[in-house]
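What follows is the content of query_12.cif (mmCIF, C-alpha atoms).
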```cif
data_work
#
loop_
_atom_site.label_atom_id
_atom_site.label_comp_id
_atom_site.auth_asym_id
_atom_site.auth_seq_id
_atom_site.Cartn_x
_atom_site.Cartn_y
_atom_site.Cartn_z
CA MET A 1 49.26 64.19 3.18
CA ASN A 2 48.03 60.93 1.63
CA LYS A 3 49.53 58.96 4.52
CA LYS A 4 47.67 61.14 7.04
CA ILE A 5 44.38 60.61 5.21
CA GLY A 6 45.11 56.85 5.04
CA ARG A 7 45.70 56.76 8.78
CA LEU A 8 42.40 58.55 9.36
CA PHE A 9 40.26 56.34 7.08
CA LYS A 10 41.49 52.94 8.22
CA GLY A 11 39.80 49.61 7.61
CA ASP A 12 38.18 48.09 4.53
CA LYS A 13 38.54 50.56 1.63
CA VAL A 14 35.55 49.16 -0.29
CA ILE A 15 33.22 49.76 2.67
CA TRP A 16 34.61 53.30 2.93
CA MET A 17 33.79 53.87 -0.75
CA VAL A 18 30.24 52.49 -0.36
CA PHE A 19 29.78 54.65 2.75
CA PHE A 20 31.05 57.73 0.86
CA PHE A 21 28.71 57.20 -2.12
CA LEU A 22 25.68 56.59 0.13
CA CYS A 23 26.44 59.80 2.05
CA MET A 24 26.79 61.81 -1.18
CA ILE A 25 23.52 60.42 -2.53
CA SER A 26 21.93 61.25 0.82
CA VAL A 27 23.01 64.91 0.73
CA VAL A 28 21.80 65.41 -2.85
CA GLU A 29 18.48 63.57 -2.51
CA VAL A 30 17.56 64.91 0.94
CA PHE A 31 18.24 68.43 -0.36
CA SER A 32 15.89 67.73 -3.25
CA ALA A 33 13.23 65.96 -1.17
CA SER A 34 13.08 68.55 1.63
CA SER A 35 10.94 71.06 -0.26
CA GLY A 36 8.12 70.57 2.25
CA LEU A 37 10.40 71.34 5.18
CA THR A 38 11.82 74.33 3.32
CA TYR A 39 8.32 75.69 2.72
CA LYS A 40 7.24 75.23 6.33
CA SER A 41 10.36 76.76 7.85
CA GLN A 42 10.81 79.42 5.14
CA ASN A 43 14.49 78.56 5.34
CA TYR A 44 16.03 77.33 2.12
CA VAL A 45 19.38 76.31 3.60
CA GLY A 46 18.36 75.18 7.10
CA PRO A 47 17.13 71.58 6.46
CA ILE A 48 20.04 70.55 4.23
CA ALA A 49 22.58 72.33 6.46
CA TYR A 50 21.30 70.35 9.44
CA HIS A 51 21.40 67.10 7.49
CA THR A 52 24.92 67.79 6.18
CA PHE A 53 26.07 68.53 9.72
CA THR A 54 24.51 65.23 10.84
CA ILE A 55 26.34 63.33 8.08
CA VAL A 56 29.65 64.96 9.05
CA ALA A 57 29.03 64.13 12.71
CA GLY A 58 28.25 60.56 11.65
CA VAL A 59 31.55 60.30 9.76
CA VAL A 60 33.39 61.51 12.88
CA VAL A 61 31.55 58.88 14.96
CA ALA A 62 32.47 56.19 12.40
CA ILE A 63 36.15 57.19 12.59
CA LEU A 64 36.10 57.17 16.40
CA THR A 65 34.36 53.78 16.46
CA LEU A 66 36.72 52.11 14.00
CA ASN A 67 39.64 53.06 16.25
CA ILE A 68 38.19 50.95 19.08
CA PRO A 69 39.64 47.42 18.84
CA CYS A 70 36.73 45.05 18.24
CA LYS A 71 37.63 42.95 21.31
CA TYR A 72 36.55 45.85 23.54
CA PHE A 73 33.00 45.77 22.14
CA LYS A 74 32.40 42.74 24.36
CA LEU A 75 32.97 44.90 27.45
CA MET A 76 30.30 47.34 26.29
CA THR A 77 27.54 44.71 25.98
CA PRO A 78 26.24 44.72 29.62
CA PHE A 79 26.13 48.53 29.75
CA LEU A 80 24.38 48.81 26.37
CA LEU A 81 21.83 46.16 27.38
CA LEU A 82 21.06 48.13 30.56
CA ILE A 83 20.77 51.42 28.65
CA SER A 84 18.53 49.79 26.03
CA ALA A 85 16.22 48.26 28.66
CA VAL A 86 15.87 51.55 30.57
CA THR A 87 15.28 53.71 27.49
CA LEU A 88 12.81 51.25 25.91
CA LEU A 89 10.75 51.23 29.12
CA TRP A 90 11.08 55.00 29.33
CA VAL A 91 9.78 55.57 25.80
CA LEU A 92 6.91 53.15 26.44
CA LEU A 93 5.80 54.97 29.60
CA ALA A 94 6.66 58.58 28.82
CA GLY A 95 7.87 58.81 25.23
CA THR A 96 7.45 61.84 23.00
CA LYS A 97 4.73 61.21 20.42
CA VAL A 98 4.89 62.13 16.74
CA GLY A 99 1.58 61.26 15.12
CA ASP A 100 0.18 58.22 16.90
CA ALA A 101 3.57 56.67 17.72
CA GLY A 102 5.59 57.41 20.85
CA ARG A 103 9.03 56.28 19.68
CA TRP A 104 11.17 59.21 20.80
CA ILE A 105 12.83 60.38 23.99
CA ASN A 106 13.59 64.05 24.53
CA LEU A 107 16.70 64.43 26.66
CA LEU A 108 18.56 67.72 27.18
CA GLY A 109 17.16 69.11 23.94
CA PHE A 110 18.10 66.02 21.90
CA THR A 111 15.46 63.66 20.53
CA PHE A 112 16.37 60.07 19.77
CA GLN A 113 14.77 56.67 19.24
CA PRO A 114 15.89 54.05 21.80
CA SER A 115 15.09 51.32 19.27
CA GLU A 116 18.08 52.46 17.18
CA ILE A 117 20.44 51.78 20.08
CA ALA A 118 18.63 48.57 21.02
CA LYS A 119 19.01 47.09 17.51
CA GLY A 120 22.79 47.26 17.54
CA THR A 121 22.91 46.14 21.17
CA ILE A 122 20.92 42.98 20.44
CA VAL A 123 23.14 42.16 17.45
CA LEU A 124 26.20 42.68 19.68
CA ALA A 125 24.77 40.39 22.39
CA VAL A 126 23.72 37.68 19.91
CA ALA A 127 27.16 37.74 18.28
CA GLN A 128 28.74 37.29 21.70
CA ILE A 129 26.44 34.38 22.62
CA LEU A 130 26.98 32.59 19.31
CA ALA A 131 30.74 33.05 19.55
CA ALA A 132 30.95 31.84 23.15
CA MET A 133 28.83 28.75 22.52
CA GLN A 134 30.29 27.49 19.25
CA ARG A 135 31.26 23.82 19.22
CA GLU A 136 32.87 21.60 16.60
CA LYS A 137 29.55 20.76 14.94
CA GLY A 138 27.91 24.17 15.38
CA ALA A 139 26.32 26.17 18.16
CA ASP A 140 25.44 24.57 21.48
CA ARG A 141 21.72 23.90 21.86
CA LYS A 142 21.68 26.22 24.91
CA ALA A 143 22.70 29.16 22.70
CA PHE A 144 19.20 29.19 21.20
CA LYS A 145 17.64 29.69 24.65
CA TRP A 146 20.01 32.47 25.65
CA ILE A 147 19.50 34.33 22.38
CA LEU A 148 15.72 34.23 22.83
CA TRP A 149 16.03 35.45 26.42
CA VAL A 150 17.88 38.52 25.13
CA THR A 151 15.97 39.12 21.89
CA VAL A 152 12.29 38.48 22.70
CA PRO A 153 11.89 41.06 25.53
CA ALA A 154 13.61 43.72 23.41
CA CYS A 155 11.42 42.94 20.38
CA VAL A 156 8.26 43.06 22.50
CA LEU A 157 9.18 46.47 23.95
CA ILE A 158 10.10 47.82 20.52
CA GLY A 159 7.09 46.24 18.83
CA LEU A 160 4.52 48.02 21.01
CA GLU A 161 5.47 51.30 19.33
CA ASN A 162 7.30 50.17 16.20
CA LEU A 163 6.19 46.74 15.00
CA SER A 164 8.15 46.83 11.73
CA THR A 165 11.44 47.53 13.54
CA ALA A 166 10.80 44.63 15.93
CA ALA A 167 10.03 42.28 13.02
CA MET A 168 13.13 43.42 11.14
CA LEU A 169 15.37 42.96 14.20
CA PHE A 170 14.00 39.47 14.82
CA ALA A 171 14.58 38.57 11.16
CA VAL A 172 18.22 39.67 11.46
CA VAL A 173 18.68 37.62 14.65
CA PHE A 174 17.12 34.59 12.95
CA ILE A 175 19.55 34.88 10.01
CA MET A 176 22.44 35.23 12.47
CA MET A 177 21.35 32.04 14.22
CA PHE A 178 21.20 30.25 10.87
CA ILE A 179 24.71 31.48 9.99
CA GLY A 180 25.85 30.57 13.50
CA LEU A 181 24.80 26.95 12.94
CA VAL A 182 22.07 26.86 15.58
CA PRO A 183 20.41 23.41 15.20
CA LEU A 184 17.88 23.46 12.35
CA ARG A 185 15.34 21.61 14.47
CA GLN A 186 15.28 24.47 16.96
CA LEU A 187 14.96 27.02 14.15
CA GLY A 188 12.11 25.00 12.64
CA LYS A 189 10.23 25.03 15.94
CA LEU A 190 10.83 28.78 16.18
CA VAL A 191 9.36 29.30 12.70
CA ALA A 192 6.23 27.38 13.76
CA VAL A 193 5.88 29.47 16.94
CA ILE A 194 6.40 32.69 14.99
CA ALA A 195 3.70 31.67 12.51
CA ALA A 196 1.27 31.04 15.39
CA VAL A 197 2.17 34.37 17.03
CA VAL A 198 1.73 36.23 13.75
CA VAL A 199 -1.71 34.69 13.21
CA PHE A 200 -2.72 35.59 16.76
CA ALA A 201 -1.32 39.14 16.48
CA VAL A 202 -3.03 39.80 13.14
CA SER A 203 -6.29 38.45 14.57
CA MET A 204 -6.02 40.78 17.58
CA VAL A 205 -5.22 43.76 15.36
CA MET A 206 -8.18 43.02 13.09
CA LEU A 207 -10.43 42.59 16.15
CA VAL A 208 -9.29 45.59 18.19
CA GLY A 209 -8.34 48.06 15.46
CA THR A 210 -10.54 50.32 13.35
CA ASP A 211 -9.90 50.59 9.63
CA MET A 212 -9.33 54.32 9.22
CA ASN A 213 -9.33 53.94 5.44
CA ASP A 214 -13.08 53.36 5.53
CA THR A 215 -14.26 55.16 8.67
CA GLY A 216 -11.81 58.04 8.91
CA GLN A 217 -12.02 57.70 12.70
CA LEU A 218 -8.95 58.18 14.84
CA GLN A 219 -10.34 56.51 17.95
CA THR A 220 -9.46 52.94 18.79
CA LYS A 221 -12.15 50.51 19.81
CA THR A 222 -10.73 50.38 23.31
CA GLU A 223 -11.25 54.16 23.59
CA GLN A 224 -14.80 53.85 22.28
CA LEU A 225 -15.59 51.11 24.82
CA ASP A 226 -14.13 53.23 27.59
CA GLN A 227 -16.33 56.19 26.64
CA GLN A 228 -19.46 54.03 26.45
CA ALA A 229 -18.83 52.49 29.86
CA GLY A 230 -18.79 55.91 31.52
CA ALA A 231 -17.50 56.82 34.92
CA GLY A 232 -19.26 53.98 36.74
CA GLN A 233 -16.38 51.58 36.36
CA SER A 234 -14.14 50.55 39.20
CA ASP A 235 -10.55 51.73 39.36
CA GLN A 236 -9.37 48.18 38.66
CA THR A 237 -11.49 47.99 35.50
CA LYS A 238 -10.18 51.36 34.34
CA LYS A 239 -6.59 50.22 34.89
CA GLU A 240 -7.24 47.08 32.85
CA LYS A 241 -8.73 49.11 30.00
CA ASN A 242 -5.86 51.61 30.15
CA PHE A 243 -3.44 48.69 29.85
CA VAL A 244 -5.33 47.36 26.81
CA GLU A 245 -5.27 50.82 25.26
CA LYS A 246 -1.56 51.08 25.88
CA MET A 247 -0.93 47.69 24.31
CA PHE A 248 -3.12 48.22 21.24
CA HIS A 249 -3.21 51.99 20.79
CA ARG A 250 -1.57 51.56 17.34
CA ALA A 251 -3.97 48.80 16.27
CA ASP A 252 -5.84 51.27 14.04
CA THR A 253 -2.67 52.11 12.11
CA TRP A 254 -1.63 48.46 11.78
CA LYS A 255 -5.08 47.36 10.63
CA SER A 256 -5.35 50.18 8.09
CA ARG A 257 -1.98 49.29 6.59
CA LEU A 258 -2.82 45.58 6.38
CA MET A 259 -6.24 46.25 4.86
CA LYS A 260 -4.82 48.72 2.37
CA PHE A 261 -2.04 46.33 1.28
CA GLY A 262 -4.40 43.37 1.02
CA LYS A 263 -6.98 45.11 -1.15
CA PRO A 264 -6.79 44.79 -4.94
CA LYS A 265 -4.95 47.70 -6.51
CA PRO A 266 -7.46 50.29 -7.76
CA THR A 267 -7.30 51.75 -11.23
CA PRO A 268 -5.83 55.26 -11.59
CA GLN A 269 -9.35 56.66 -11.94
CA GLU A 270 -10.46 55.01 -8.67
CA TYR A 271 -7.44 56.08 -6.60
CA ASP A 272 -8.31 58.28 -3.62
CA LEU A 273 -5.40 60.70 -3.19
CA ASP A 274 -6.72 61.82 0.19
CA LYS A 275 -6.60 58.35 1.78
CA ASP A 276 -3.68 56.84 -0.16
CA ALA A 277 -1.55 59.93 -0.76
CA GLN A 278 1.84 58.43 0.13
CA VAL A 279 1.47 55.24 -1.89
CA ALA A 280 -0.20 57.04 -4.81
CA HIS A 281 2.46 59.73 -5.17
CA ALA A 282 5.26 57.17 -4.70
CA ASN A 283 3.75 55.19 -7.60
CA ILE A 284 3.49 58.34 -9.72
CA ALA A 285 7.14 59.16 -8.98
CA ILE A 286 8.25 55.68 -10.06
CA VAL A 287 6.08 55.52 -13.19
CA SER A 288 7.25 58.94 -14.40
CA SER A 289 10.96 58.22 -13.87
CA GLY A 290 12.05 56.36 -16.99
CA VAL A 291 15.46 54.76 -17.37
CA ILE A 292 17.62 57.78 -16.56
CA GLY A 293 15.13 59.79 -14.51
CA LYS A 294 14.31 63.49 -14.50
CA GLY A 295 17.66 64.51 -13.04
CA PRO A 296 18.76 65.53 -9.52
CA GLY A 297 16.51 68.19 -8.05
CA GLN A 298 13.84 67.79 -10.73
CA SER A 299 11.31 65.73 -8.75
CA THR A 300 7.69 66.88 -8.75
CA GLU A 301 6.25 64.31 -6.33
CA ARG A 302 8.50 65.50 -3.47
CA ASP A 303 6.00 68.35 -2.99
CA PHE A 304 3.18 65.86 -2.34
CA LEU A 305 4.90 63.07 -0.39
CA SER A 306 4.84 63.90 3.31
CA GLN A 307 7.85 61.64 4.03
CA ALA A 308 9.73 62.22 0.78
CA PHE A 309 12.99 62.83 2.67
CA SER A 310 12.62 59.78 4.92
CA ASP A 311 10.35 56.76 4.44
CA PHE A 312 9.77 57.30 0.69
CA ILE A 313 13.11 58.77 -0.36
CA TYR A 314 13.75 55.73 -2.58
CA ALA A 315 10.74 56.73 -4.70
CA ILE A 316 12.29 60.19 -5.14
CA ILE A 317 15.64 58.57 -6.04
CA ILE A 318 13.89 56.52 -8.73
CA GLU A 319 12.07 59.60 -10.04
CA GLU A 320 15.23 61.71 -10.28
CA LEU A 321 17.91 59.12 -11.09
CA GLY A 322 15.73 56.61 -12.95
CA LEU A 323 16.02 52.86 -12.95
CA ILE A 324 19.79 53.12 -13.38
CA GLY A 325 20.22 55.26 -10.27
CA ALA A 326 17.85 53.06 -8.26
CA GLY A 327 19.82 49.99 -9.34
CA ILE A 328 23.10 51.63 -8.31
CA VAL A 329 21.73 52.40 -4.83
CA CYS A 330 20.52 48.82 -4.47
CA PHE A 331 23.88 47.52 -5.71
CA LEU A 332 25.75 49.61 -3.10
CA TYR A 333 23.89 47.82 -0.30
CA ILE A 334 24.64 44.45 -1.93
CA ILE A 335 28.34 45.35 -2.03
CA LEU A 336 28.16 46.38 1.64
CA LEU A 337 26.71 43.00 2.63
CA TYR A 338 29.21 41.14 0.42
CA ARG A 339 32.17 42.97 2.00
CA CYS A 340 30.82 42.21 5.48
CA ALA A 341 30.69 38.54 4.53
CA ARG A 342 34.27 38.73 3.21
CA ILE A 343 35.47 40.37 6.41
CA ALA A 344 33.68 37.75 8.50
CA SER A 345 35.20 34.90 6.46
CA ARG A 346 38.71 36.21 7.15
CA CYS A 347 38.30 36.46 10.94
CA GLU A 348 40.04 33.81 13.00
CA ASN A 349 37.75 34.36 16.00
CA ASN A 350 33.98 33.94 15.91
CA PHE A 351 32.85 37.08 17.74
CA PRO A 352 34.12 39.70 15.25
CA ALA A 353 32.86 37.56 12.37
CA PHE A 354 29.31 37.35 13.77
CA LEU A 355 29.38 41.04 14.72
CA ALA A 356 30.36 42.22 11.22
CA MET A 357 27.76 39.96 9.60
CA GLY A 358 25.03 41.00 12.05
CA LEU A 359 25.58 44.73 11.62
CA GLY A 360 25.77 44.34 7.83
CA LEU A 361 22.49 42.43 7.84
CA LEU A 362 20.91 45.05 10.10
CA LEU A 363 21.65 47.83 7.60
CA VAL A 364 20.85 45.88 4.44
CA VAL A 365 17.63 44.23 5.67
CA GLN A 366 16.31 47.65 6.72
CA ALA A 367 17.25 49.04 3.31
CA MET A 368 15.41 46.15 1.68
CA PHE A 369 12.29 46.88 3.78
CA ASN A 370 12.36 50.56 2.77
CA MET A 371 12.82 49.86 -0.94
CA MET A 372 10.08 47.21 -0.97
CA VAL A 373 7.65 49.68 0.61
CA ALA A 374 8.56 52.39 -1.91
CA VAL A 375 7.84 50.13 -4.90
CA GLY A 376 4.68 48.62 -3.37
CA LEU A 377 5.98 45.14 -2.52
CA ALA A 378 5.35 45.52 1.23
CA PRO A 379 2.88 47.43 3.42
CA VAL A 380 3.96 50.86 4.66
CA THR A 381 6.27 50.32 7.62
CA GLY A 382 7.87 53.67 8.42
CA GLN A 383 11.45 52.39 8.01
CA PRO A 384 13.95 55.00 6.72
CA LEU A 385 16.62 54.12 4.16
CA PRO A 386 19.85 53.64 6.17
CA LEU A 387 22.59 56.23 5.56
CA ILE A 388 20.42 58.02 2.95
CA SER A 389 17.16 59.15 4.58
CA LYS A 390 17.13 62.34 6.60
CA GLY A 391 17.65 61.61 10.26
CA GLY A 392 19.33 62.76 13.44
CA THR A 393 20.50 60.19 15.95
CA SER A 394 19.44 57.32 13.64
CA THR A 395 21.93 58.51 11.00
CA ILE A 396 24.71 58.87 13.57
CA ILE A 397 24.02 55.42 15.05
CA ASN A 398 24.03 53.84 11.58
CA CYS A 399 27.42 55.49 11.03
CA ALA A 400 28.56 53.95 14.31
CA TYR A 401 27.53 50.55 12.93
CA ILE A 402 29.71 51.22 9.86
CA GLY A 403 32.55 52.19 12.20
CA ALA A 404 32.17 48.91 14.11
CA ILE A 405 32.34 46.91 10.85
CA LEU A 406 35.46 48.85 9.86
CA SER A 407 36.92 48.15 13.31
CA VAL A 408 36.47 44.43 12.71
CA SER A 409 38.13 44.71 9.28
CA ARG A 410 41.04 46.61 10.83
CA SER A 411 41.65 44.99 14.21
CA ALA A 412 40.22 41.45 14.12
CA LYS A 413 42.78 38.67 13.99
CA VAL A 414 43.03 37.21 10.48
CA LYS A 415 43.02 33.46 9.91
CA LYS A 416 46.53 32.01 10.03
CA GLU A 417 46.37 30.38 6.60
CA LEU A 418 45.47 33.73 5.00
CA THR A 419 48.35 35.44 6.76
CA ASP A 420 50.80 32.72 5.71
CA ASP A 421 49.57 32.94 2.11
CA LYS A 422 50.06 36.71 2.10
CA ASN A 423 53.57 36.42 3.53
CA ALA A 424 54.46 33.80 0.92
CA LYS A 425 53.35 36.10 -1.90
CA VAL A 426 55.38 38.99 -0.47
CA THR A 427 58.45 36.76 -0.19
CA ALA A 428 58.05 35.55 -3.78
CA SER A 429 57.67 39.11 -4.99
CA ASN A 430 60.86 40.21 -3.19
CA LYS A 431 62.81 37.34 -4.74
CA GLU A 432 61.69 38.38 -8.23
CA ILE A 433 62.90 41.91 -7.56
#
```
Show this structure as structure tokens.
Amino acid sequence: MNKKIGRLFKGDKVIWMVFFFLCMISVVEVFSASSGLTYKSQNYVGPIAYHTFTIVAGVVVAILTLNIPCKYFKLMTPFLLLISAVTLLWVLLAGTKVGDAGRWINLLGFTFQPSEIAKGTIVLAVAQILAAMQREKGADRKAFKWILWVTVPACVLIGLENLSTAAMLFAVVFIMMFIGLVPLRQLGKLVAVIAAVVVFAVSMVMLVGTDMNDTGQLQTKTEQLDQQAGAGQSDQTKKEKNFVEKMFHRADTWKSRLMKFGKPKPTPQEYDLDKDAQVAHANIAIVSSGVIGKGPGQSTERDFLSQAFSDFIYAIIIEELGLIGAGIVCFLYIILLYRCARIASRCENNFPAFLAMGLGLLLVVQAMFNMMVAVGLAPVTGQPLPLISKGGTSTIINCAYIGAILSVSRSAKVKKELTDDKNAKVTASNKEI
């Protein structure tokens, strides 16, 4: 029986343990944080049953993925790039909107975010480029150009609907280039260009967007200009304005978040719970937690946080499990990144090493973003906590990323010196016996 289970759960055992604990925490905390969904649906079991089914499906996907030898992931890159390009354009032109963001595609009754697939695809492509263009003293200078040709269009398409995801993906790619020994001079120039782009983008957001914190208006300035101009405009002018609206239709949201984060923190008496409900109740959850927390299922702020089961689940974890529980969750992600680095260091070939590191960074950097938002160290971004927050396809795809890392740990060729050292130890042990 134990041998059968061992054959099923192959690969790095530490990553399996981290994955198991994150899934268990997810089931418990999503069940606790889904009181709002339970109230709306009048179904006490439905939300957690769906999430548990998603987790189980994710585990199955992870097992299937880890059984694919990592060398075959290279063959999937062109197809995944094509799928990512088509779906990102699709969601931009005809995506399903939730709130003011059109990030979802509804296909055959299933709703998914193309950005989740695109993130892993870009990491896969970058790992392949870095591996193919490694030289004795580091990556070839041309690798930098090819990586940007792949990454920038994807980040632009993602960023129009989900700026934080685009920024996070670009940060992961930048770290991969640093690890892949891309010339520092090229990276320095890229940092300067990024700084200029960020200044320009923030300026455009502040110019085009409307601060909904102060005005309460949901219209963008482009919409207001379009209404004032009336029907006397030419078709060409209308098309230009529609394009501007499409490009900056989330400028209001971005500006409001920047303005809110940049303002001095108000005193508890001055806090407006109508305008700052998410941040306020997240702060209340954290402040009332203590060292050991209130206990699983004992949260009170879950009833007031609209995204308690997703974007702000870390605040609920702190409230229920205290600083100790929050530290354990954070430590699990650190272990995950450390094990990915260990796996990468043991690989003889470059591609599996870069792939394991890239996917580990993708999960951990997103977790860092989510936790920083929950404790008020970053503006609200809408990033869920990987493998813990309630999700559908995003949870399953994150499990596929874990499966790919496990595949590298299981099937990637180990460095010869490590293999020789292991064989020597086995031989010495047999002689002692």
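Our summary of the geometry notes that CA of Leu163 (chain A) is positioned 11.7 Å from CA of Val202 (chain A).
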Assuming the chain letters and numbering stay as they are in my file, what does the PyMOL selection byres ((chain A and resi 395) around 10) actually select? List them as a ChimeraX atom specification. /A:51,54-55,57-59,116,384-394,396-401
Do you know which residues the PyMOL selection byres ((chain A and resi 123) around 8) returns on this file, as a list in words? Lys119, Gly120, Thr121, Ile122, Leu124, Ala125, Val126, Ala127, Val173, Leu355, Gly358 and Leu359 of chain A
Please dump the current selection as an mmCIF file, keeping the file's coordinate frame; keep C-alpha atoms.
```cif
data_model
loop_
_atom_site.group_PDB
_atom_site.id
_atom_site.type_symbol
_atom_site.label_atom_id
_atom_site.label_comp_id
_atom_site.auth_asym_id
_atom_site.auth_seq_id
_atom_site.Cartn_x
_atom_site.Cartn_y
_atom_site.Cartn_z
ATOM 1 C CA LYS A 119 19.010 47.090 17.510
ATOM 2 C CA GLY A 120 22.790 47.260 17.540
ATOM 3 C CA THR A 121 22.910 46.140 21.170
ATOM 4 C CA ILE A 122 20.920 42.980 20.440
ATOM 5 C CA LEU A 124 26.200 42.680 19.680
ATOM 6 C CA ALA A 125 24.770 40.390 22.390
ATOM 7 C CA VAL A 126 23.720 37.680 19.910
ATOM 8 C CA ALA A 127 27.160 37.740 18.280
ATOM 9 C CA VAL A 173 18.680 37.620 14.650
ATOM 10 C CA LEU A 355 29.380 41.040 14.720
ATOM 11 C CA GLY A 358 25.030 41.000 12.050
ATOM 12 C CA LEU A 359 25.580 44.730 11.620
#
```
Grab the CA of Asn162 (chain A) to CA of Val365 (chain A) distance for me, in Å with one decimal place.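 Separating CA of Asn162 (chain A) from CA of Val365 (chain A) is a distance of 15.9 Å.
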Give the padded box for region 67-70 of chain A as JSON: axis-aligned, covering all atoms listed in the file, 6 Å on each side, centre and edge lengths in Å to one decimal.
```
{"center_x": 38.2, "center_y": 49.1, "center_z": 17.7, "size_x": 14.9, "size_y": 20.0, "size_z": 14.8}
```
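With CA of Met176 (chain A) on one side and CA of Met357 (chain A) on the other, the separation reads 7.7 Å.
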Counting only C-alpha atoms, the option among A:Gly297, A:Pro352, A:Gly360, A:Gly403 closest to Leu66 (chain A):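 Closest to Leu66 (chain A), using only C-alpha atoms: A:Gly403.
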